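Participant: Quick one, final_16.cif (mmCIF, C-alpha atoms and all ligand atoms):
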data_coords
#
loop_
_atom_site.group_PDB
_atom_site.id
_atom_site.type_symbol
_atom_site.label_atom_id
_atom_site.label_comp_id
_atom_site.auth_asym_id
_atom_site.auth_seq_id
_atom_site.Cartn_x
_atom_site.Cartn_y
_atom_site.Cartn_z
ATOM 1 C CA MET A 1 124.089 243.296 107.276
ATOM 2 C CA TYR A 2 126.501 243.162 110.207
ATOM 3 C CA GLY A 3 124.076 245.360 112.174
ATOM 4 C CA ARG A 4 121.141 243.038 111.474
ATOM 5 C CA ARG A 5 123.176 239.982 112.498
ATOM 6 C CA MET A 6 123.928 241.691 115.812
ATOM 7 C CA LEU A 7 120.307 242.744 116.313
ATOM 8 C CA LYS A 8 118.797 239.253 116.218
ATOM 9 C CA PRO A 9 120.615 237.823 119.275
ATOM 10 C CA LEU A 10 120.104 241.123 121.081
ATOM 11 C CA ARG A 11 116.347 240.943 120.483
ATOM 12 C CA ARG A 12 116.360 237.378 121.769
ATOM 13 C CA VAL A 13 118.120 238.431 124.980
ATOM 14 C CA VAL A 14 115.663 241.299 125.535
ATOM 15 C CA ARG A 15 112.741 238.964 124.949
ATOM 16 C CA ARG A 16 114.061 236.366 127.438
ATOM 17 C CA LEU A 17 114.576 239.152 129.984
ATOM 18 C CA MET A 18 110.992 240.312 129.483
ATOM 19 C CA GLU A 19 109.762 236.732 129.899
ATOM 20 C CA ARG A 20 111.683 236.362 133.159
ATOM 21 C CA THR A 21 110.529 239.667 134.612
ATOM 22 C CA GLY A 22 106.882 239.256 133.536
ATOM 23 C CA LEU A 23 107.052 242.342 131.302
ATOM 24 C CA ILE A 24 106.274 240.202 128.272
ATOM 25 C CA GLY A 25 102.559 240.082 129.220
ATOM 26 C CA PRO A 26 101.872 243.849 129.047
ATOM 27 C CA TYR A 27 104.186 244.178 126.042
ATOM 28 C CA TYR A 28 102.384 241.426 124.109
ATOM 29 C CA ARG A 29 98.947 242.871 124.986
ATOM 30 C CA TRP A 30 100.179 246.212 123.657
ATOM 31 C CA LEU A 31 101.236 244.532 120.390
ATOM 32 C CA GLU A 32 97.764 242.942 120.127
ATOM 33 C CA ARG A 33 96.040 246.320 120.660
ATOM 34 C CA ARG A 34 98.290 247.887 118.030
ATOM 35 C CA SER A 35 97.461 245.067 115.638
ATOM 36 C CA ALA A 36 93.713 245.639 116.257
ATOM 37 C CA ARG A 37 94.092 249.314 115.343
ATOM 38 C CA GLY A 38 95.578 248.213 112.003
ATOM 39 C CA LEU A 39 92.634 245.951 111.110
ATOM 40 C CA GLY A 40 91.626 247.727 107.928
ATOM 41 C CA ASP A 41 89.410 245.358 105.963
ATOM 42 C CA GLU A 42 85.697 244.523 106.206
ATOM 43 C CA ALA A 43 83.892 241.243 105.621
ATOM 44 C CA ASP A 44 80.122 241.136 105.349
ATOM 45 C CA ASP A 45 79.209 237.467 105.428
ATOM 46 C CA GLY A 46 75.799 237.891 107.049
ATOM 47 C CA ARG A 47 76.945 236.586 110.442
ATOM 48 C CA PRO A 48 77.857 238.455 113.627
ATOM 49 C CA MET A 49 81.444 239.756 113.351
ATOM 50 C CA PRO A 50 83.493 240.196 116.543
ATOM 51 C CA PRO A 51 85.233 243.511 117.229
ATOM 52 C CA ALA A 52 88.776 244.064 115.937
ATOM 53 C CA GLU A 53 90.414 243.521 119.334
ATOM 54 C CA LEU A 54 88.957 239.986 119.449
ATOM 55 C CA VAL A 55 89.584 239.128 115.788
ATOM 56 C CA VAL A 56 93.318 239.781 116.177
ATOM 57 C CA LEU A 57 93.512 237.382 119.140
ATOM 58 C CA VAL A 58 92.715 234.467 116.856
ATOM 59 C CA SER A 59 93.601 235.337 113.297
ATOM 60 C CA GLY A 60 95.956 238.210 112.807
ATOM 61 C CA PRO A 61 94.921 241.426 111.137
ATOM 62 C CA SER A 62 92.236 240.440 108.612
ATOM 63 C CA ARG A 63 88.444 240.192 108.890
ATOM 64 C CA ILE A 64 88.328 238.669 105.400
ATOM 65 C CA TRP A 65 90.645 235.850 106.481
ATOM 66 C CA PHE A 66 88.590 235.418 109.677
ATOM 67 C CA SER A 67 85.425 235.047 107.609
ATOM 68 C CA GLU A 68 86.650 232.969 104.673
ATOM 69 C CA ARG A 69 88.998 230.719 106.577
ATOM 70 C CA GLY A 70 86.403 230.255 109.320
ATOM 71 C CA ARG A 71 83.944 228.975 106.739
ATOM 72 C CA SER A 72 86.462 226.643 105.079
ATOM 73 C CA ASP A 73 87.757 225.309 108.427
ATOM 74 C CA ALA A 74 84.148 224.597 109.491
ATOM 75 C CA ALA A 75 83.612 222.671 106.244
ATOM 76 C CA MET A 76 86.932 220.844 106.718
ATOM 77 C CA PHE A 77 85.901 219.654 110.230
ATOM 78 C CA ALA A 78 82.368 218.696 109.086
ATOM 79 C CA ASP A 79 83.721 216.730 106.091
ATOM 80 C CA LEU A 80 86.379 215.019 108.177
ATOM 81 C CA ALA A 81 83.828 214.049 110.842
ATOM 82 C CA ALA A 82 81.517 212.660 108.121
ATOM 83 C CA ARG A 83 84.385 210.634 106.659
ATOM 84 C CA HIS A 84 84.777 209.060 110.084
ATOM 85 C CA GLY A 85 81.066 208.345 110.548
ATOM 86 C CA VAL A 86 79.933 211.416 112.537
ATOM 87 C CA ASP A 87 77.323 213.622 110.850
ATOM 88 C CA VAL A 88 77.155 217.144 112.332
ATOM 89 C CA ALA A 89 73.623 217.462 110.907
ATOM 90 C CA ALA A 90 72.263 214.428 112.740
ATOM 91 C CA GLY A 91 71.224 215.988 116.059
ATOM 92 C CA ILE A 92 74.528 215.351 117.826
ATOM 93 C CA GLY A 93 76.439 217.120 120.636
ATOM 94 C CA VAL A 94 79.481 219.130 119.507
ATOM 95 C CA LEU A 95 82.179 220.967 121.475
ATOM 96 C CA ASP A 96 84.412 223.641 119.952
ATOM 97 C CA PHE A 97 87.332 223.568 122.413
ATOM 98 C CA GLY A 98 89.255 226.877 122.407
ATOM 99 C CA CYS A 99 86.462 228.443 120.374
ATOM 100 C CA GLY A 100 88.132 231.861 120.321
ATOM 101 C CA ALA A 101 85.937 234.552 118.771
ATOM 102 C CA GLY A 102 83.696 231.940 117.141
ATOM 103 C CA ARG A 103 85.571 231.930 113.842
ATOM 104 C CA ILE A 104 84.413 228.354 113.167
ATOM 105 C CA ALA A 105 81.362 228.292 115.473
ATOM 106 C CA ARG A 106 79.780 231.119 113.420
ATOM 107 C CA TRP A 107 79.363 228.552 110.650
ATOM 108 C CA LEU A 108 78.960 225.250 112.484
ATOM 109 C CA ALA A 109 76.787 226.161 115.501
ATOM 110 C CA PRO A 110 73.728 227.247 113.446
ATOM 111 C CA ALA A 111 73.922 224.065 111.331
ATOM 112 C CA VAL A 112 74.278 221.753 114.350
ATOM 113 C CA ILE A 113 71.433 223.432 116.255
ATOM 114 C CA ALA A 114 69.117 223.629 113.209
ATOM 115 C CA ALA A 115 69.492 219.844 112.928
ATOM 116 C CA GLY A 116 68.349 219.405 116.541
ATOM 117 C CA GLY A 117 71.849 219.045 118.017
ATOM 118 C CA ARG A 118 73.613 220.767 120.920
ATOM 119 C CA PHE A 119 76.567 223.077 120.366
ATOM 120 C CA HIS A 120 79.051 223.993 123.099
ATOM 121 C CA GLY A 121 82.066 226.275 122.982
ATOM 122 C CA SER A 122 84.713 226.812 125.627
ATOM 123 C CA ASP A 123 87.710 229.110 125.823
ATOM 124 C CA LEU A 124 90.371 230.202 128.263
ATOM 125 C CA ASN A 125 89.765 233.872 127.490
ATOM 126 C CA PRO A 126 86.522 235.146 129.086
ATOM 127 C CA LYS A 127 86.259 238.009 126.573
ATOM 128 C CA LEU A 128 86.218 235.537 123.670
ATOM 129 C CA ALA A 129 83.799 233.059 125.292
ATOM 130 C CA GLY A 130 81.656 236.026 126.417
ATOM 131 C CA TRP A 131 81.408 237.455 122.922
ATOM 132 C CA CYS A 132 80.369 234.048 121.534
ATOM 133 C CA ALA A 133 77.754 233.623 124.293
ATOM 134 C CA ALA A 134 76.259 237.038 123.524
ATOM 135 C CA ASN A 135 76.294 236.749 119.735
ATOM 136 C CA LEU A 136 76.179 233.145 118.552
ATOM 137 C CA PRO A 137 73.746 230.254 118.979
ATOM 138 C CA GLY A 138 74.951 227.592 121.419
ATOM 139 C CA ALA A 139 76.227 227.418 125.002
ATOM 140 C CA TYR A 140 79.621 228.990 125.701
ATOM 141 C CA ALA A 141 81.762 228.855 128.837
ATOM 142 C CA THR A 142 85.159 229.935 130.093
ATOM 143 C CA ASN A 143 87.567 227.264 131.316
ATOM 144 C CA GLY A 144 90.930 227.478 133.092
ATOM 145 C CA LEU A 145 94.330 226.864 131.537
ATOM 146 C CA GLN A 146 94.079 223.374 133.028
ATOM 147 C CA PRO A 147 91.008 221.079 132.933
ATOM 148 C CA PRO A 148 88.169 220.604 133.722
ATOM 149 C CA LEU A 149 85.446 221.602 131.274
ATOM 150 C CA ALA A 150 81.936 222.339 132.496
ATOM 151 C CA LEU A 151 80.558 219.231 130.782
ATOM 152 C CA GLY A 152 79.647 215.788 132.093
ATOM 153 C CA ASP A 153 81.247 212.481 131.140
ATOM 154 C CA GLY A 154 80.295 211.394 127.616
ATOM 155 C CA ALA A 155 78.332 214.617 127.009
ATOM 156 C CA VAL A 156 79.251 215.083 123.342
ATOM 157 C CA ASP A 157 79.784 213.067 120.162
ATOM 158 C CA LEU A 158 82.355 215.354 118.534
ATOM 159 C CA VAL A 159 85.073 217.696 119.809
ATOM 160 C CA TYR A 160 87.115 219.849 117.493
ATOM 161 C CA ALA A 161 89.907 222.248 118.426
ATOM 162 C CA HIS A 162 91.631 224.430 115.889
ATOM 163 C CA SER A 163 95.044 225.814 116.865
ATOM 164 C CA VAL A 164 94.674 225.223 120.600
ATOM 165 C CA LEU A 165 97.179 222.418 121.300
ATOM 166 C CA THR A 166 99.557 224.675 119.363
ATOM 167 C CA HIS A 167 99.757 227.039 122.365
ATOM 168 C CA LEU A 168 100.213 224.562 125.219
ATOM 169 C CA THR A 169 103.109 222.915 126.996
ATOM 170 C CA GLU A 170 103.319 219.154 126.737
ATOM 171 C CA ALA A 171 101.990 218.542 130.273
ATOM 172 C CA THR A 172 98.979 220.780 129.652
ATOM 173 C CA ALA A 173 98.315 219.180 126.258
ATOM 174 C CA ARG A 174 98.339 215.727 127.883
ATOM 175 C CA ALA A 175 95.877 216.867 130.550
ATOM 176 C CA TRP A 176 93.506 218.321 127.918
ATOM 177 C CA LEU A 177 93.644 215.192 125.778
ATOM 178 C CA ALA A 178 92.449 213.209 128.807
ATOM 179 C CA GLU A 179 89.711 215.776 129.520
ATOM 180 C CA ILE A 180 88.515 215.758 125.907
ATOM 181 C CA ALA A 181 88.341 211.948 126.058
ATOM 182 C CA ARG A 182 86.273 212.234 129.260
ATOM 183 C CA VAL A 183 83.594 214.513 127.764
ATOM 184 C CA LEU A 184 83.304 212.438 124.570
ATOM 185 C CA ARG A 185 80.954 209.458 124.466
ATOM 186 C CA PRO A 186 82.586 206.070 123.867
ATOM 187 C CA GLY A 187 83.308 205.897 120.122
ATOM 188 C CA GLY A 188 83.200 209.711 119.888
ATOM 189 C CA LEU A 189 85.511 211.683 117.645
ATOM 190 C CA ALA A 190 88.130 214.373 118.379
ATOM 191 C CA LEU A 191 89.563 216.484 115.545
ATOM 192 C CA LEU A 192 92.536 218.370 116.916
ATOM 193 C CA THR A 193 94.926 220.491 114.878
ATOM 194 C CA PHE A 194 98.606 220.689 115.714
ATOM 195 C CA HIS A 195 101.955 221.857 114.319
ATOM 196 C CA ASP A 196 103.567 218.676 112.988
ATOM 197 C CA GLU A 197 106.909 218.023 111.262
ATOM 198 C CA ALA A 198 105.599 219.006 107.785
ATOM 199 C CA TYR A 199 104.188 222.289 109.088
ATOM 200 C CA ALA A 200 107.380 222.999 111.026
ATOM 201 C CA ALA A 201 109.572 222.430 107.969
ATOM 202 C CA ALA A 202 107.404 224.611 105.726
ATOM 203 C CA TRP A 203 106.299 227.405 108.045
ATOM 204 C CA GLY A 204 108.125 227.198 111.372
ATOM 205 C CA PRO A 205 111.010 229.296 112.648
ATOM 206 C CA PRO A 206 114.235 227.816 111.167
ATOM 207 C CA ASP A 207 115.372 226.162 114.419
ATOM 208 C CA VAL A 208 112.112 224.340 115.096
ATOM 209 C CA ALA A 209 112.160 221.519 112.504
ATOM 210 C CA PRO A 210 115.531 220.043 113.589
ATOM 211 C CA ARG A 211 114.626 220.434 117.258
ATOM 212 C CA LEU A 212 111.278 218.728 116.647
ATOM 213 C CA ALA A 213 113.031 215.782 114.977
ATOM 214 C CA ALA A 214 115.328 215.432 117.992
ATOM 215 C CA GLU A 215 112.959 216.260 120.871
ATOM 216 C CA GLY A 216 109.435 215.368 119.694
ATOM 217 C CA TYR A 217 107.807 218.358 121.433
ATOM 218 C CA VAL A 218 109.098 221.908 121.160
ATOM 219 C CA VAL A 219 107.775 224.962 122.967
ATOM 220 C CA TRP A 220 108.736 228.188 121.243
ATOM 221 C CA ASN A 221 108.690 231.147 123.672
ATOM 222 C CA GLN A 222 108.448 229.970 127.247
ATOM 223 C CA ALA A 223 105.803 232.365 128.556
ATOM 224 C CA LEU A 224 102.109 233.291 128.325
ATOM 225 C CA GLU A 225 100.909 229.716 127.882
ATOM 226 C CA GLY A 226 97.568 229.578 126.037
ATOM 227 C CA SER A 227 98.262 232.821 124.157
ATOM 228 C CA ASN A 228 99.570 233.100 120.602
ATOM 229 C CA TYR A 229 102.910 234.234 122.038
ATOM 230 C CA MET A 230 103.759 230.639 123.015
ATOM 231 C CA SER A 231 103.731 228.162 120.167
ATOM 232 C CA ALA A 232 104.018 224.398 120.530
ATOM 233 C CA TRP A 233 105.258 221.943 117.914
ATOM 234 C CA THR A 234 104.484 218.231 118.221
ATOM 235 C CA ALA A 235 105.867 215.296 116.285
ATOM 236 C CA THR A 236 103.017 213.120 115.004
ATOM 237 C CA ALA A 237 104.192 210.060 116.917
ATOM 238 C CA ARG A 238 104.399 212.129 120.128
ATOM 239 C CA LEU A 239 100.848 213.357 119.701
ATOM 240 C CA ALA A 240 99.674 209.765 119.257
ATOM 241 C CA ALA A 241 101.569 208.801 122.430
ATOM 242 C CA LEU A 242 100.069 211.707 124.404
ATOM 243 C CA ALA A 243 96.572 210.679 123.319
ATOM 244 C CA ALA A 244 97.084 206.927 123.788
ATOM 245 C CA ALA A 245 95.531 206.711 127.263
ATOM 246 C CA GLY A 246 92.099 207.794 126.000
ATOM 247 C CA PHE A 247 92.045 207.397 122.243
ATOM 248 C CA ASP A 248 92.804 205.259 119.227
ATOM 249 C CA VAL A 249 94.295 207.143 116.299
ATOM 250 C CA ALA A 250 91.878 207.016 113.337
ATOM 251 C CA GLU A 251 93.953 209.196 111.012
ATOM 252 C CA MET A 252 96.778 211.728 111.078
ATOM 253 C CA ILE A 253 96.592 214.364 108.344
ATOM 254 C CA PRO A 254 99.915 216.138 107.804
ATOM 255 C CA GLY A 255 100.193 219.919 107.850
ATOM 256 C CA GLY A 256 100.037 221.780 104.550
ATOM 257 C CA VAL A 257 103.234 222.536 102.692
ATOM 258 C CA ASP A 258 101.811 224.659 99.852
ATOM 259 C CA GLU A 259 99.570 226.600 102.205
ATOM 260 C CA PRO A 260 99.764 226.951 105.984
ATOM 261 C CA SER A 261 97.116 224.512 107.184
ATOM 262 C CA GLN A 262 97.848 222.753 110.452
ATOM 263 C CA ALA A 263 98.041 218.981 110.806
ATOM 264 C CA VAL A 264 94.895 217.276 112.126
ATOM 265 C CA ALA A 265 94.782 214.366 114.552
ATOM 266 C CA VAL A 266 91.590 212.342 114.125
ATOM 267 C CA LEU A 267 91.127 210.438 117.364
ATOM 268 C CA ARG A 268 88.393 208.073 118.530
ATOM 269 C CA THR A 269 87.528 207.241 122.118
ATOM 270 C CA ARG A 270 87.371 203.540 122.874
ATOM 271 C CA THR A 271 84.027 201.775 123.144
HETATM 272 C C1 LIG A 301 94.880 230.688 117.797
HETATM 273 S S1 LIG A 301 93.450 230.828 118.749
HETATM 274 C C2 LIG A 301 92.304 229.810 117.828
HETATM 275 C C3 LIG A 301 90.872 230.102 118.153
HETATM 276 C C4 LIG A 301 89.842 229.296 117.375
HETATM 277 N N1 LIG A 301 89.950 227.889 117.666
HETATM 278 C C5 LIG A 301 90.010 229.537 115.892
HETATM 279 O O1 LIG A 301 90.495 228.629 115.171
HETATM 280 O O2 LIG A 301 89.709 230.633 115.455
HETATM 281 C C6 LIG A 301 93.791 229.809 120.170
HETATM 282 C C7 LIG A 301 92.614 229.804 121.123
HETATM 283 O O3 LIG A 301 92.824 228.815 122.119
HETATM 284 C C8 LIG A 301 92.419 229.345 123.364
HETATM 285 N N2 LIG A 301 93.080 228.563 124.410
HETATM 286 C C9 LIG A 301 94.393 228.491 124.685
HETATM 287 N N3 LIG A 301 94.613 227.678 125.726
HETATM 288 C C10 LIG A 301 93.396 227.208 126.103
HETATM 289 C C11 LIG A 301 92.951 226.336 127.129
HETATM 290 N N4 LIG A 301 93.800 225.765 127.997
HETATM 291 N N5 LIG A 301 91.634 226.086 127.224
HETATM 292 C C12 LIG A 301 90.760 226.654 126.358
HETATM 293 N N6 LIG A 301 91.117 227.505 125.387
HETATM 294 C C13 LIG A 301 92.422 227.775 125.249
HETATM 295 C C14 LIG A 301 92.846 230.806 123.276
HETATM 296 O O4 LIG A 301 92.209 231.600 124.244
HETATM 297 C C15 LIG A 301 92.435 231.135 121.850
HETATM 298 O O5 LIG A 301 91.102 231.537 121.755
#
Rewrite the structure of this file - the entire thing - as structure tokens.
Facilitator:
Amino acid sequence: MYGRRMLKPLRRVVRRLMERTGLIGPYYRWLERRSARGLGDEADDGRPMPPAELVVLVSGPSRIWFSERGRSDAAMFADLAARHGVDVAAGIGVLDFGCGAGRIARWLAPAVIAAGGRFHGSDLNPKLAGWCAANLPGAYATNGLQPPLALGDGAVDLVYAHSVLTHLTEATARAWLAEIARVLRPGGLALLTFHDEAYAAAWGPPDVAPRLAAEGYVVWNQALEGSNYMSAWTATARLAALAAAGFDVAEMIPGGVDEPSQAVAVLRTRT
């Protein structure tokens, strides 16, 4: 017990040292490769399945979770959009921002395109965007950590982003909220997940919830922005304030307490 108590602060010091010296990057990539080697399960859902080293970048070590949760998250976004007057099966333009390995696009892109719509995906990681471009219907591109996107003003009706704001500093999140507003048509909808107070209290590291209450925006692990190593936690009111320049808040859905589903900000660009 005494040993474990000593180990925790020691680990923290080593981690901070690795962050400062830049060693955290190679170390974290090594952890990801190790995690990919441990990906033991299979999921045959009739859709292209990315290789293990890409699955672990977005969902931890389970193809079944990648498949099942991808399908249910796609349905969640489609239902939420419909509730706010945007039908993904009505020939519209959709952007999956931070599309990862197409976990959600595998389900939504075929439906959007079959209905005569346009489907775009964009991601910071060229391997992820590249796999989507080679294997899924739709147009996929790589973007930088900071805006812009390769899309014109008002190009799409709907943008969704699952677990992307959750890996950005506050300044970067603010810049992306403005960019997402730019590529949406007036009256367009953004569905953006984030780690809110409810999610922090139920699933966050113990220190995060009180810090979030006091600070409004908490970055956990100050390195490798955009990767899963850095996690960001945003009070609901702070997210609304960050989005205020380009959006009205249509709805804020709190994070799940019984199961780990992230909060969703439903935002509408002004007409
Ligand atoms: C946890 S993964 C989620 C991926 C996907 N949205 C999903 O739900 O499966 C976070 C994704 O956001 C991407 N990402 C992080 N920062 C980004 C940025 N500034 N622009 C675009 N993508 C970004 C990462 O490369 C990664 O694919």
Participant: Calculated over only C-alpha atoms and all ligand atoms, which of the candidates A:Arg270, A:Arg20, A:Arg185, A:Arg71 has the smallest distance to ligand LIG 301 (chain A)?
Facilitator: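 Among the listed residues, the smallest separation from ligand LIG 301 (chain A) belongs to A:Arg71.
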Participant: Looking at A:Ser163, A:Ser35, A:Ser62, A:Asn135, which one is nearest to ligand LIG 301 (chain A), with distances taken over only C-alpha atoms and all ligand atoms?
Facilitator: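 Using only C-alpha atoms and all ligand atoms, the shortest distance to ligand LIG 301 (chain A) belongs to A:Ser163.
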Participant: Tell me, in Å to one decimal, how far atom CA of Ala178 of chain A is from atom CA of Asn143 of chain A.
Facilitator: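 Straight-line distance from atom CA of Ala178 of chain A to atom CA of Asn143 of chain A works out to 15.1 Å.
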Participant: Could you tell me which residues the PyMOL selection byres (((not hetatm)) within 6 of (chain A and resi 301)) returns for this structure, as a list in words?
Facilitator: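 Checked against the file, the PyMOL selection byres (((not hetatm)) within 6 of (chain A and resi 301)) matches Val58, Gly98, Cys99, Gly100, Arg103, Asp123, Leu124, Asn125, Asn143, Leu145, Gln146, Ala161, His162, Ser163, Val164, Gly226, Ser227 and Asn228 of chain A.
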Participant: Write a file of the just-selected residues containing C-alpha atoms, as an mmCIF file, in the coordinates of the input.
Facilitator:
data_model
loop_
_atom_site.group_PDB
_atom_site.id
_atom_site.type_symbol
_atom_site.label_atom_id
_atom_site.label_comp_id
_atom_site.auth_asym_id
_atom_site.auth_seq_id
_atom_site.Cartn_x
_atom_site.Cartn_y
_atom_site.Cartn_z
ATOM 1 C CA VAL A 58 92.715 234.467 116.856
ATOM 2 C CA GLY A 98 89.255 226.877 122.407
ATOM 3 C CA CYS A 99 86.462 228.443 120.374
ATOM 4 C CA GLY A 100 88.132 231.861 120.321
ATOM 5 C CA ARG A 103 85.571 231.930 113.842
ATOM 6 C CA ASP A 123 87.710 229.110 125.823
ATOM 7 C CA LEU A 124 90.371 230.202 128.263
ATOM 8 C CA ASN A 125 89.765 233.872 127.490
ATOM 9 C CA ASN A 143 87.567 227.264 131.316
ATOM 10 C CA LEU A 145 94.330 226.864 131.537
ATOM 11 C CA GLN A 146 94.079 223.374 133.028
ATOM 12 C CA ALA A 161 89.907 222.248 118.426
ATOM 13 C CA HIS A 162 91.631 224.430 115.889
ATOM 14 C CA SER A 163 95.044 225.814 116.865
ATOM 15 C CA VAL A 164 94.674 225.223 120.600
ATOM 16 C CA GLY A 226 97.568 229.578 126.037
ATOM 17 C CA SER A 227 98.262 232.821 124.157
ATOM 18 C CA ASN A 228 99.570 233.100 120.602
#
Participant: For a quick check of understanding, using all atoms listed in the file, which of A:Phe194, A:Tyr229, A:Tyr140, A:Trp107 has the smallest distance to Ser122 of chain A?
Facilitator: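 Result for the nearest residue to Ser122 of chain A: A:Tyr140.
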Participant: Write out as a VMD selection string which residues come within 7 Å of Ala74 of chain A when counting only C-alpha atoms, dropping same-chain ones fewer than 4 positions away.
Facilitator: chain A and resid 70 78 104 107 to 108
Participant: Could you write out the selected residues, including C-alpha atoms, as a short mmCIF file (atom, residue, chain, number, x, y, z; two decimals), in the coordinates of the input?
Facilitator:
data_model
loop_
_atom_site.label_atom_id
_atom_site.label_comp_id
_atom_site.auth_asym_id
_atom_site.auth_seq_id
_atom_site.Cartn_x
_atom_site.Cartn_y
_atom_site.Cartn_z
CA GLY A 70 86.40 230.26 109.32
CA ALA A 78 82.37 218.70 109.09
CA ILE A 104 84.41 228.35 113.17
CA TRP A 107 79.36 228.55 110.65
CA LEU A 108 78.96 225.25 112.48
#
Participant: Just so the selection is clear, what residues does the PyMOL selection byres (((chain A and resi 262) around 6) and not hetatm) cover here, as a list in words?
Facilitator: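 Selected by the PyMOL selection byres (((chain A and resi 262) around 6) and not hetatm) in this file: Thr193, Phe194, His195, Gly255, Ser261 and Ala263 of chain A.
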Participant: Please evaluate the PyMOL selection byres (((chain A and resi 120) around 6) and not hetatm) against the displayed coordinates and give the resulting residues as a list in words.
Facilitator: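 So the PyMOL selection byres (((chain A and resi 120) around 6) and not hetatm), applied here, picks out Leu95, Phe119, Gly121, Gly138, Ala139 and Tyr140 of chain A.
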Participant: Grab the residues selected above and save them as a CSV table (one decimal), in the coordinates of the input with C-alpha atoms.
Facilitator:
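out30.csv, freshly written:
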chain,number,residue,atom,x,y,z
A,95,LEU,CA,82.2,221.0,121.5
A,119,PHE,CA,76.6,223.1,120.4
A,121,GLY,CA,82.1,226.3,123.0
A,138,GLY,CA,75.0,227.6,121.4
A,139,ALA,CA,76.2,227.4,125.0
A,140,TYR,CA,79.6,229.0,125.7
Participant: For C-alpha atoms, please extract segment 9-52 of chain A from the block and return it as a short mmCIF file (atom, residue, chain, number, x, y, z; two decimals), in the first residue's frame.
Facilitator:
data_model
loop_
_atom_site.label_atom_id
_atom_site.label_comp_id
_atom_site.auth_asym_id
_atom_site.auth_seq_id
_atom_site.Cartn_x
_atom_site.Cartn_y
_atom_site.Cartn_z
CA PRO A 9 3.56 10.68 -7.69
CA LEU A 10 6.73 9.13 -9.08
CA ARG A 11 4.91 8.09 -12.26
CA ARG A 12 3.52 11.61 -12.56
CA VAL A 13 7.01 13.12 -12.31
CA VAL A 14 8.37 10.72 -14.95
CA ARG A 15 5.47 11.52 -17.24
CA ARG A 16 5.98 15.31 -16.88
CA LEU A 17 9.69 14.81 -17.61
CA MET A 18 8.85 12.84 -20.75
CA GLU A 19 6.42 15.58 -21.82
CA ARG A 20 9.09 18.24 -21.36
CA THR A 21 11.80 16.33 -23.20
CA GLY A 22 9.54 15.21 -26.07
CA LEU A 23 10.03 11.53 -25.20
CA ILE A 24 6.31 11.18 -24.56
CA GLY A 25 5.60 11.04 -28.32
CA PRO A 26 7.65 7.89 -29.11
CA TYR A 27 6.59 6.33 -25.80
CA TYR A 28 2.88 6.88 -26.50
CA ARG A 29 3.22 5.56 -30.08
CA TRP A 30 4.86 2.46 -28.62
CA LEU A 31 1.91 2.01 -26.23
CA GLU A 32 -0.49 2.32 -29.20
CA ARG A 33 1.44 -0.33 -31.19
CA ARG A 34 1.40 -2.63 -28.17
CA SER A 35 -2.33 -2.09 -27.79
CA ALA A 36 -2.83 -2.96 -31.50
CA ARG A 37 -0.99 -6.25 -31.00
CA GLY A 38 -3.47 -7.10 -28.23
CA LEU A 39 -6.55 -6.54 -30.42
CA GLY A 40 -7.95 -10.04 -30.16
CA ASP A 41 -11.58 -9.89 -31.25
CA GLU A 42 -13.23 -9.90 -34.69
CA ALA A 43 -16.35 -8.13 -35.91
CA ASP A 44 -17.91 -9.03 -39.23
CA ASP A 45 -20.51 -6.36 -39.88
CA GLY A 46 -20.31 -6.45 -43.67
CA ARG A 47 -18.41 -3.15 -43.92
CA PRO A 48 -14.71 -2.47 -44.48
CA MET A 49 -12.83 -2.86 -41.17
CA PRO A 50 -9.64 -0.83 -40.62
CA PRO A 51 -6.45 -2.58 -39.50
CA ALA A 52 -5.77 -3.02 -35.78
#
